[in-house]
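Engineer: Right, I'll just put the structure down here and ask away after.
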Amino acid sequence: MIKFFRKIRQKLLSENNFRKYLIYAIGEIILVVIGILIALQINNWNENKKTEAEEIKILSNLRADLENTLIEYKAAVEFNKLTIAEIGKLQDCQKNNLSYSEELDFSFGVFPHFYFSSAINSTYKSLQTIGIGIIQNDSLKNKIVNVYDVVLTGFVDYNNDENRLKSTIVDPFFSKHLRYLENSVYSAKPNNYIELINNKEFINILSLIKRQRTRGIEKYENNSLLIENLIDSINKELKIRN
């Protein structure tokens with residue numbers, strides 16, 4: 001192709017036809033510019049396709065992380081409900097002056113424990129490194145940032161409150177009045193059942209834990225709705241892209 005244009009130039013020069021040569025030269029320049037613009041357009045198209053593919057991959061991974069977080073939260077809710085139910089059994093023993101039963105060993109063993117929940121945010125961390133701007137849908141982008149930077153981080157405070165309650169109040173009391181059984185993680189016996197079940201501090205501790213776990217359930221369930229809403233928005237966006 002280059003040889004072809006060179007021959008044309010040489011022919012025009014040999015004919016001493018400057019006007020035709022000038023028109024040809026301008027035409028050749030225009031062709032070169034058009035070629036460059038087409039090459040740039042193709043390159044931009046390829047880069048946009050790569051960026052879009054990366055965005056779709058990130059959205060799919062975010063959805064998977066959020067779904068796993070929901071599983072984590074569901075397990076936390078079930079554990080909180082379990083501890084509330086077992087605390088209720090111990091409170092009934094105190095209210096109704098019930099005698100000791102080995103079935104209460106699980107109740108005594110499980111009440112000090114709490115479910116340490118954590119959101120799966122590995123994809124979001126990668127997204128922050130890449131740049132949140134890769135998400136083209138502004139509404140979806142804002143939802144993602146809100147869920148990860150506001151909603152999910154709120155559980156850090158909740159877990160800290162649970163840990164503080166356990167380490168400063170529950171565990172010190174437990175070590176004085178109960179002992180764990182070797183055959184189960186969640187089984188314990190009181191050193192003196194009658195004394196413990198009528199201990200006002202013990203009843204107060206049970207109330208504190210019950211209140212904290214109830215608060216946790218509300219928090220988990222409310223935030224799960226926001227996560228489910230975000231998953232739905234991601235699904236809609238992926239459906240549009242596919």
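In the structure tokens, the first chain shown is A, the next is B, and so on; residue numbers restart at 1 for each chain, and ligands run from 1 in the order shown.
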Based on DSSP run over this structure's backbone, return all residues of range 48-225 of chain A in alpha helix (DSSP H), as JSON, numbers by chain.

Structural biologist: {"A": [48, 49, 50, 51, 52, 53, 54, 55, 56, 57, 58, 59, 60, 61, 62, 63, 64, 65, 66, 67, 68, 69, 70, 71, 72, 73, 74, 75, 76, 77, 78, 79, 80, 81, 82, 83, 84, 85, 86, 87, 88, 89, 90, 91, 92, 93, 94, 95, 96, 104, 105, 106, 107, 108, 109, 110, 122, 123, 124, 125, 126, 127, 128, 129, 130, 138, 139, 140, 141, 142, 143, 144, 145, 146, 154, 155, 156, 157, 158, 159, 160, 161, 162, 163, 164, 165, 171, 172, 173, 174, 175, 176, 177, 193, 194, 195, 196, 197, 200, 201, 202, 203, 204, 205, 206, 207, 208, 209, 210, 211, 212, 213, 214, 215, 216, 217, 218, 219, 220, 221, 222, 223, 224, 225]}

Engineer: As a PyMOL selection string, list the residues of chain A assigned to strand (DSSP E or B) by DSSP on the backbone atoms of this structure.

Structural biologist: chain A and resi 178-180+188-190

Engineer: Give me the residues within 8 Å of Leu140 in chain A as a list in words, counting only C-alpha atoms and dropping any in the same chain fewer than 6 places off.

Structural biologist: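 So, after excluding close chain neighbours, the residues are Leu230, Ser233 and Ile234 of chain A.
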
Engineer: Could you list, as a list in words, every residue within 8 Å of range 212-216 of chain A, counting only C-alpha atoms and ignoring same-chain residues fewer than 5 positions away?

Structural biologist: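 Residues meeting the cut-off are Val77, Asn80, Lys81, Thr83, Ile84, Tyr158 and Glu162 of chain A.
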
Engineer: Hey, what's within 8 Å of Ala76 in chain A if we count only C-alpha atoms and toss same-chain stuff fewer than 3 positions away? As a list of chain:residue names, please?

Structural biologist: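 Surrounding residues, per the criterion: A:Glu72, A:Tyr73, A:Phe79, A:Asn80, A:Tyr115, A:Phe116, A:Ser117, A:Ile217, A:Tyr220.
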
Engineer: If we count only C-alpha atoms, what is near Glu195 in chain A at a cut-off of 12 Å, once residues fewer than 2 positions away on the same chain are taken out, given as a PyMOL selection string?

Structural biologist: chain A and resi 94+97+99-100+177-178+190-193+197-203

Engineer: Go ahead and write the selection's residues with N, CA and C atoms as a short mmCIF file (atom, residue, chain, number, x, y, z; two decimals), in the first residue's frame.

Structural biologist:
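Result saved to part-v4.cif:
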```cif
data_model
loop_
_atom_site.label_atom_id
_atom_site.label_comp_id
_atom_site.auth_asym_id
_atom_site.auth_seq_id
_atom_site.Cartn_x
_atom_site.Cartn_y
_atom_site.Cartn_z
N GLN A 94 -36.02 -19.24 88.13
CA GLN A 94 -35.98 -18.29 89.25
C GLN A 94 -37.40 -17.83 89.62
N ASN A 97 -39.33 -20.96 91.00
CA ASN A 97 -38.63 -21.75 92.01
C ASN A 97 -38.51 -23.23 91.61
N SER A 99 -36.70 -26.76 90.47
CA SER A 99 -35.52 -27.50 90.92
C SER A 99 -34.54 -27.73 89.77
N TYR A 100 -33.32 -28.07 90.10
CA TYR A 100 -32.26 -28.29 89.11
C TYR A 100 -32.55 -29.52 88.26
N HIS A 177 -19.06 -18.79 89.69
CA HIS A 177 -20.27 -19.51 90.07
C HIS A 177 -20.58 -20.74 89.23
N LEU A 178 -19.88 -20.92 88.11
CA LEU A 178 -20.17 -22.07 87.25
C LEU A 178 -18.88 -22.71 86.76
N PRO A 190 -23.70 -25.26 87.72
CA PRO A 190 -23.49 -24.25 88.78
C PRO A 190 -22.83 -24.89 89.99
N ASN A 191 -22.00 -24.13 90.66
CA ASN A 191 -21.38 -24.63 91.90
C ASN A 191 -22.46 -24.86 92.96
N ASN A 192 -23.43 -23.96 93.00
CA ASN A 192 -24.56 -24.09 93.93
C ASN A 192 -25.80 -23.56 93.21
N TYR A 193 -26.64 -24.47 92.75
CA TYR A 193 -27.79 -24.10 91.92
C TYR A 193 -28.74 -23.15 92.64
N ILE A 197 -29.39 -19.41 91.21
CA ILE A 197 -30.66 -19.07 90.58
C ILE A 197 -31.40 -17.95 91.31
N ASN A 198 -31.02 -17.72 92.56
CA ASN A 198 -31.63 -16.64 93.33
C ASN A 198 -30.70 -15.43 93.49
N ASN A 199 -29.58 -15.50 92.81
CA ASN A 199 -28.61 -14.41 92.87
C ASN A 199 -29.09 -13.25 91.99
N LYS A 200 -29.31 -12.08 92.58
CA LYS A 200 -29.84 -10.93 91.84
C LYS A 200 -28.89 -10.47 90.73
N GLU A 201 -27.59 -10.58 91.01
CA GLU A 201 -26.62 -10.19 89.99
C GLU A 201 -26.73 -11.11 88.78
N PHE A 202 -26.95 -12.40 89.02
CA PHE A 202 -27.10 -13.36 87.93
C PHE A 202 -28.35 -13.03 87.11
N ILE A 203 -29.44 -12.73 87.77
CA ILE A 203 -30.68 -12.38 87.07
C ILE A 203 -30.50 -11.10 86.24
#
```

Engineer: For range 61-65 of chain A, find every residue with an atom within 6 Å (counting only C-alpha atoms), except residues of its own chain fewer than 2 positions away, and show them as a list in words.

Structural biologist: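 Near neighbours after the sequence-gap exclusion: Ile58, Leu59, Glu67, Asn68, Ile120, Thr123 and Ile231 of chain A.
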
Engineer: When you draw a straight line from CA of Lys57 in chain A to CA of Asp232 in chain A, how long is it in Å?

Structural biologist: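 Going from CA of Lys57 in chain A over to CA of Asp232 in chain A covers 16.2 Å.
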
Engineer: Have a look at A:Lys95, A:Lys141, A:Lys219, A:Lys125 and name the one nearest to Asn159 in chain A; count only C-alpha atoms.

Structural biologist: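 Among the listed residues, the smallest separation from Asn159 in chain A belongs to A:Lys219.
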
Engineer: Just to confirm, what's the straight-line distance from CA of Glu102 in chain A to CA of Leu82 in chain A in Å (one decimal)?

Structural biologist: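 Computing it gives 17.7 Å between the two atoms.
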
Engineer: Counting only C-alpha atoms, which of A:Glu237, A:Glu228, A:Glu218, A:Glu78 gets nearest to Leu66 in chain A?

Structural biologist: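 Counting only C-alpha atoms, the residue closest to Leu66 in chain A is A:Glu228.
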
Engineer: Choose the residue, out of A:Leu238, A:Pro112, A:Ile38, A:Arg211, that has the smallest atom-to-atom separation from Ser167 in chain A; count only C-alpha atoms.

Structural biologist: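 When distances to Ser167 in chain A are compared using only C-alpha atoms, the smallest one comes from A:Pro112.
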
Engineer: Could you tell me which of A:Ile144, A:Leu225, A:Leu70, A:Ile135 comes closest to Ala53 in chain A if we count only C-alpha atoms?

Structural biologist: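 So, comparing all the options, the nearest one is A:Ile135.
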